[in-house]
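Q: Sharing a structure here in structure tokens format.
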Amino acid sequence: MHYYGDVYRPPSEAYSLIIQVTLGCSSNTCTFCSMYRNKPFRIRGEAEIFRDLEECRAAIPRVDRIFLADGDALVLKTESLVRILDRIAALFPECERVGIYATPKDVIRKSPEDLELLREKGVRIAYIGAESGSDTVLRDVQKGATRAEIIEAIRKTEDAGIATSATFIVGLAGPEGSEDHARASGSLISEAEPSYAALLTLHSEPPAPLYYDIQSGKFRRLTVAQSLAETRLILENINVTKDCVFRTNHASNYLALGGTLPQDKPRLLRQLLRAETEGFAPRPYHRGL
Ligand code: SF4
């Protein structure tokens, strides 16, 4: 079994078997992201991937979930993904779901039939980094996708029967762009209706370009109070008609919240307001900050 470089996965894939089918990220342009800056993008050979799967099968008695890494494994051609998924099904008949990272453009390039086939072959959840619902913010951070494309990608994936988990970054527009970012992100979730919406808090590391803008003072991070207020404004602007699991449980967030919208929205807003007015204990990641 061979892992190349640092490997990232969503929090909900913590107990999944991670298989790298691509290395790095095919776009690698987002100014806030340092994850794959030093890892040139490439597609791994199928023979090597199959060897990894076989070694894992021999070593691990039970595998409930598999996550296909790296940054946007959905960039692979559908035929190639199908061959990998068929091998997974043959080797791990007990596996209940396969998860994958996808960029909006990866999804848009696939036909509805491609996505339905991937669902049939085991893909049950796609993690899509939306980051913001504001075209201004998306352009500034060089996301490589517009608001309309992100909405199209989420809807197309959900329509194919694959759940989407869309992530947004609190603080991505700094204090000046906070209101636009929050309102637009909330309304994007309302329009696209992903099965899961998750918030992270901006934390940029070298060599991400935004890290150097923060160090030089060109970009200002939100304070804890501003981050909570932005989170509240995002939540206030989410009006979904089907269940959407809303979470702020990523380690980068100051306050961990979780519930299902729309029914839990009043409770989540109350929890946020209480934290803003009465204070709260910082999570381990933020102790000492
Ligand atoms: S945020 Fe996602 S799409 Fe952007 S560079 Fe990082 S891995 Fe690639």
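In the structure tokens, chains take letters A, B, ... by order of appearance, with residues numbered from 1 within each chain and ligands from 1 in the order shown.
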How would you write, as number ranges by chain, the set of residues no farther than 7 Å from ligand 1 when counting only C-alpha atoms and all ligand atoms?
A: A: 25-30, 33-36, 71-72, 103, 129, 143
Q: Enumerate as number ranges by chain all residues of region 52-230 of chain A assigned to strand (DSSP E) by DSSP on the backbone, naming them with the chain letters and numbers the document uses.
A: A: 65-69, 97-102, 123-131, 163-170, 196-201
Q: Emit the selected residues as a PDB file, in the first residue's frame, including C-alpha atoms.
A:
ATOM      1  CA  ARG A  65     -16.517   2.925   3.509  1.00  0.00           C
ATOM      2  CA  ILE A  66     -13.929   3.862   0.919  1.00  0.00           C
ATOM      3  CA  PHE A  67     -12.866   7.395   0.051  1.00  0.00           C
ATOM      4  CA  LEU A  68     -11.230   8.104  -3.314  1.00  0.00           C
ATOM      5  CA  ALA A  69      -8.516  10.764  -3.013  1.00  0.00           C
ATOM      6  CA  ARG A  97     -20.432   3.621   0.237  1.00  0.00           C
ATOM      7  CA  VAL A  98     -17.703   5.219  -1.799  1.00  0.00           C
ATOM      8  CA  GLY A  99     -17.021   8.945  -1.333  1.00  0.00           C
ATOM      9  CA  ILE A 100     -15.125  11.275  -3.627  1.00  0.00           C
ATOM     10  CA  TYR A 101     -13.922  14.885  -3.852  1.00  0.00           C
ATOM     11  CA  ALA A 102     -15.167  16.764  -6.924  1.00  0.00           C
ATOM     12  CA  VAL A 123     -20.458   6.332  -5.328  1.00  0.00           C
ATOM     13  CA  ARG A 124     -22.843   7.639  -2.677  1.00  0.00           C
ATOM     14  CA  ILE A 125     -21.405  11.016  -1.713  1.00  0.00           C
ATOM     15  CA  ALA A 126     -19.444  13.760  -3.506  1.00  0.00           C
ATOM     16  CA  TYR A 127     -17.712  16.509  -1.530  1.00  0.00           C
ATOM     17  CA  ILE A 128     -17.784  19.775  -3.444  1.00  0.00           C
ATOM     18  CA  GLY A 129     -15.802  22.791  -2.234  1.00  0.00           C
ATOM     19  CA  ALA A 130     -18.191  25.647  -3.002  1.00  0.00           C
ATOM     20  CA  GLU A 131     -16.332  28.054  -0.667  1.00  0.00           C
ATOM     21  CA  ALA A 163     -25.588  13.012  -2.028  1.00  0.00           C
ATOM     22  CA  THR A 164     -23.503  16.184  -2.078  1.00  0.00           C
ATOM     23  CA  SER A 165     -21.647  17.752   0.793  1.00  0.00           C
ATOM     24  CA  ALA A 166     -20.929  21.397  -0.037  1.00  0.00           C
ATOM     25  CA  THR A 167     -18.342  23.277   2.002  1.00  0.00           C
ATOM     26  CA  PHE A 168     -18.100  27.036   2.557  1.00  0.00           C
ATOM     27  CA  ILE A 169     -15.321  29.018   4.239  1.00  0.00           C
ATOM     28  CA  VAL A 170     -16.168  31.512   6.968  1.00  0.00           C
ATOM     29  CA  TYR A 196     -25.054  18.378   3.530  1.00  0.00           C
ATOM     30  CA  ALA A 197     -23.717  21.903   3.993  1.00  0.00           C
ATOM     31  CA  ALA A 198     -20.568  22.336   6.053  1.00  0.00           C
ATOM     32  CA  LEU A 199     -18.737  25.464   7.159  1.00  0.00           C
ATOM     33  CA  LEU A 200     -14.980  25.684   7.709  1.00  0.00           C
ATOM     34  CA  THR A 201     -13.140  28.717   9.038  1.00  0.00           C
TER      35      THR A 201
END
Q: Per DSSP on the backbone, what are the helix (DSSP H, G or I) residues of region 133-238 of chain A, as a PyMOL selection string?
A: chain A and resi 135-140+147-159+178-192+209-216+224-236
Q: So that I have them on file, write out the residues from the current selection with C-alpha atoms, as a PDB file, in the first residue's frame.
A:
ATOM      1  CA  ASP A 135     -19.201  35.539  -7.657  1.00  0.00           C
ATOM      2  CA  THR A 136     -16.995  38.378  -6.398  1.00  0.00           C
ATOM      3  CA  VAL A 137     -15.415  36.164  -3.751  1.00  0.00           C
ATOM      4  CA  LEU A 138     -15.140  33.163  -6.097  1.00  0.00           C
ATOM      5  CA  ARG A 139     -13.301  35.326  -8.623  1.00  0.00           C
ATOM      6  CA  ASP A 140     -11.027  36.867  -5.966  1.00  0.00           C
ATOM      7  CA  ARG A 147     -22.000  30.587  -8.462  1.00  0.00           C
ATOM      8  CA  ALA A 148     -24.216  29.318 -11.318  1.00  0.00           C
ATOM      9  CA  GLU A 149     -21.770  26.462 -12.049  1.00  0.00           C
ATOM     10  CA  ILE A 150     -21.638  25.439  -8.389  1.00  0.00           C
ATOM     11  CA  ILE A 151     -25.445  25.360  -8.200  1.00  0.00           C
ATOM     12  CA  GLU A 152     -25.588  23.346 -11.439  1.00  0.00           C
ATOM     13  CA  ALA A 153     -22.987  20.862 -10.138  1.00  0.00           C
ATOM     14  CA  ILE A 154     -24.752  20.283  -6.822  1.00  0.00           C
ATOM     15  CA  ARG A 155     -28.183  19.870  -8.412  1.00  0.00           C
ATOM     16  CA  LYS A 156     -26.875  17.569 -11.151  1.00  0.00           C
ATOM     17  CA  THR A 157     -25.159  15.316  -8.607  1.00  0.00           C
ATOM     18  CA  GLU A 158     -28.176  15.190  -6.309  1.00  0.00           C
ATOM     19  CA  ASP A 159     -30.465  14.479  -9.300  1.00  0.00           C
ATOM     20  CA  SER A 178     -18.347  39.433   4.911  1.00  0.00           C
ATOM     21  CA  GLU A 179     -21.989  40.427   4.403  1.00  0.00           C
ATOM     22  CA  ASP A 180     -22.036  39.695   0.650  1.00  0.00           C
ATOM     23  CA  HIS A 181     -20.216  36.376   1.211  1.00  0.00           C
ATOM     24  CA  ALA A 182     -22.615  35.310   3.978  1.00  0.00           C
ATOM     25  CA  ARG A 183     -25.861  36.261   2.233  1.00  0.00           C
ATOM     26  CA  ALA A 184     -24.746  34.758  -1.093  1.00  0.00           C
ATOM     27  CA  SER A 185     -23.513  31.527   0.536  1.00  0.00           C
ATOM     28  CA  GLY A 186     -26.814  31.097   2.406  1.00  0.00           C
ATOM     29  CA  SER A 187     -28.841  31.743  -0.737  1.00  0.00           C
ATOM     30  CA  LEU A 188     -26.658  29.345  -2.772  1.00  0.00           C
ATOM     31  CA  ILE A 189     -27.412  26.556  -0.283  1.00  0.00           C
ATOM     32  CA  SER A 190     -31.139  27.446  -0.558  1.00  0.00           C
ATOM     33  CA  GLU A 191     -31.056  27.252  -4.371  1.00  0.00           C
ATOM     34  CA  ALA A 192     -28.832  24.206  -4.772  1.00  0.00           C
ATOM     35  CA  PRO A 209      -0.967  32.997  -1.778  1.00  0.00           C
ATOM     36  CA  LEU A 210      -3.603  34.158   0.727  1.00  0.00           C
ATOM     37  CA  TYR A 211      -1.292  33.230   3.603  1.00  0.00           C
ATOM     38  CA  TYR A 212       1.232  35.818   2.409  1.00  0.00           C
ATOM     39  CA  ASP A 213      -1.539  38.423   1.955  1.00  0.00           C
ATOM     40  CA  ILE A 214      -2.555  37.826   5.591  1.00  0.00           C
ATOM     41  CA  GLN A 215       1.054  38.123   6.776  1.00  0.00           C
ATOM     42  CA  SER A 216       1.583  41.378   4.857  1.00  0.00           C
ATOM     43  CA  VAL A 224     -13.918  35.331  16.561  1.00  0.00           C
ATOM     44  CA  ALA A 225     -16.948  37.649  17.023  1.00  0.00           C
ATOM     45  CA  GLN A 226     -17.029  38.501  13.312  1.00  0.00           C
ATOM     46  CA  SER A 227     -16.769  34.796  12.408  1.00  0.00           C
ATOM     47  CA  LEU A 228     -19.759  33.950  14.596  1.00  0.00           C
ATOM     48  CA  ALA A 229     -21.761  36.850  13.138  1.00  0.00           C
ATOM     49  CA  GLU A 230     -20.914  35.709   9.592  1.00  0.00           C
ATOM     50  CA  THR A 231     -21.920  32.130  10.441  1.00  0.00           C
ATOM     51  CA  ARG A 232     -25.237  33.442  11.803  1.00  0.00           C
ATOM     52  CA  LEU A 233     -25.879  35.481   8.638  1.00  0.00           C
ATOM     53  CA  ILE A 234     -25.161  32.441   6.450  1.00  0.00           C
ATOM     54  CA  LEU A 235     -27.595  30.376   8.495  1.00  0.00           C
ATOM     55  CA  GLU A 236     -30.264  33.102   8.499  1.00  0.00           C
TER      56      GLU A 236
END
Q: Quick one: residues within 10 Å of region 75-78 of chain A, only C-alpha atoms counted, chain neighbours fewer than 6 positions away excluded, as a ChimeraX atom specification?
A: /A:21-22,25-27,43-44,84,101-103,105-107,109-111,114-115,117-118
Q: I need the chosen residues saved as a PDB file, in the first residue's frame, with C-alpha atoms.
A:
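Result written to selection-v9.pdb:
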ATOM      1  CA  VAL A  21      -6.659   7.366  -7.502  1.00  0.00           C
ATOM      2  CA  THR A  22      -5.257  10.762  -8.477  1.00  0.00           C
ATOM      3  CA  CYS A  25      -5.647  18.641  -7.539  1.00  0.00           C
ATOM      4  CA  SER A  26      -6.304  19.128 -11.250  1.00  0.00           C
ATOM      5  CA  SER A  27      -6.982  22.875 -10.845  1.00  0.00           C
ATOM      6  CA  ILE A  43      -3.565  10.213 -12.474  1.00  0.00           C
ATOM      7  CA  ARG A  44      -2.287   6.985 -10.930  1.00  0.00           C
ATOM      8  CA  ILE A  84     -11.960   0.985 -10.108  1.00  0.00           C
ATOM      9  CA  TYR A 101     -13.922  14.885  -3.852  1.00  0.00           C
ATOM     10  CA  ALA A 102     -15.167  16.764  -6.924  1.00  0.00           C
ATOM     11  CA  THR A 103     -14.779  20.243  -8.346  1.00  0.00           C
ATOM     12  CA  LYS A 105     -16.215  21.632 -13.309  1.00  0.00           C
ATOM     13  CA  ASP A 106     -15.584  17.868 -12.852  1.00  0.00           C
ATOM     14  CA  VAL A 107     -19.316  17.360 -12.307  1.00  0.00           C
ATOM     15  CA  ARG A 109     -18.144  17.676 -17.576  1.00  0.00           C
ATOM     16  CA  LYS A 110     -20.006  14.445 -16.715  1.00  0.00           C
ATOM     17  CA  SER A 111     -23.332  13.589 -18.344  1.00  0.00           C
ATOM     18  CA  ASP A 114     -22.288   9.101 -16.239  1.00  0.00           C
ATOM     19  CA  LEU A 115     -23.263  10.269 -12.756  1.00  0.00           C
ATOM     20  CA  LEU A 117     -23.703   4.974 -13.555  1.00  0.00           C
ATOM     21  CA  LEU A 118     -21.221   6.041 -10.865  1.00  0.00           C
TER      22      LEU A 118
END
Q: What lies within 12 Å of Ala58 (chain A) using only C-alpha atoms, ignoring chain neighbours under 6 positions off, as a list in words?
A: Met1, Arg51, Asp52, Leu91 and Phe92 of chain A
Q: Deliver the residues from the most recent selection as a file, using N, CA and C atoms, as a compact mmCIF listing (two decimals), in the first residue's frame.
A:
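Result file follows (selection-v6.txt):
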# COMPACT_ATOMS: atom_id res chain seq x y z
N MET A 1 0.85 -1.20 0.00
CA MET A 1 0.00 0.00 0.00
C MET A 1 0.88 1.24 0.00
N ARG A 51 -3.40 -2.90 -7.12
CA ARG A 51 -2.49 -3.55 -6.16
C ARG A 51 -2.77 -3.04 -4.75
N ASP A 52 -2.98 -1.73 -4.60
CA ASP A 52 -3.32 -1.16 -3.28
C ASP A 52 -4.59 -1.80 -2.73
N LEU A 91 -13.78 -6.87 -4.52
CA LEU A 91 -12.89 -7.14 -3.39
C LEU A 91 -13.53 -6.85 -2.03
N PHE A 92 -14.43 -5.84 -2.01
CA PHE A 92 -15.02 -5.41 -0.73
C PHE A 92 -16.55 -5.44 -0.84
Q: Quick one: distance from CA of Asp86 (chain A) to CA of Ser16 (chain A) in Å, one decimal?
A: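 Calculated distance between CA of Asp86 (chain A) and CA of Ser16 (chain A) is 17.9 Å.
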Q: Could you tell me how far CA of Ala47 (chain A) lies from CA of Tyr4 (chain A), in Å and to one decimal?
A: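 Separation between CA of Ala47 (chain A) and CA of Tyr4 (chain A): 15.8 Å.
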Q: For Pro11 (chain A), find every residue with an atom within 9 Å (counting only C-alpha atoms), except residues of its own chain fewer than 3 positions away, and show them as a ChimeraX atom specification.
A: /A:14,249-251
Q: Would you output that residue set with N, CA, C and O atoms, as a PDB file, in the first residue's frame?
A:
ATOM      1  N   ALA A  14     -13.381   9.901   8.334  1.00  0.00           N
ATOM      2  CA  ALA A  14     -12.294   9.593   9.271  1.00  0.00           C
ATOM      3  C   ALA A  14     -12.040   8.089   9.397  1.00  0.00           C
ATOM      4  O   ALA A  14     -10.917   7.666   9.654  1.00  0.00           O
ATOM      5  N   ASN A 249     -18.598  21.373  12.278  1.00  0.00           N
ATOM      6  CA  ASN A 249     -17.797  20.540  13.191  1.00  0.00           C
ATOM      7  C   ASN A 249     -16.339  20.380  12.767  1.00  0.00           C
ATOM      8  O   ASN A 249     -15.586  19.650  13.382  1.00  0.00           O
ATOM      9  N   HIS A 250     -15.934  21.059  11.684  1.00  0.00           N
ATOM     10  CA  HIS A 250     -14.532  20.968  11.263  1.00  0.00           C
ATOM     11  C   HIS A 250     -13.638  21.587  12.332  1.00  0.00           C
ATOM     12  O   HIS A 250     -14.019  22.553  13.003  1.00  0.00           O
ATOM     13  N   ALA A 251     -12.437  21.036  12.488  1.00  0.00           N
ATOM     14  CA  ALA A 251     -11.528  21.492  13.552  1.00  0.00           C
ATOM     15  C   ALA A 251     -11.234  22.991  13.474  1.00  0.00           C
ATOM     16  O   ALA A 251     -10.936  23.621  14.491  1.00  0.00           O
TER      17      ALA A 251
END
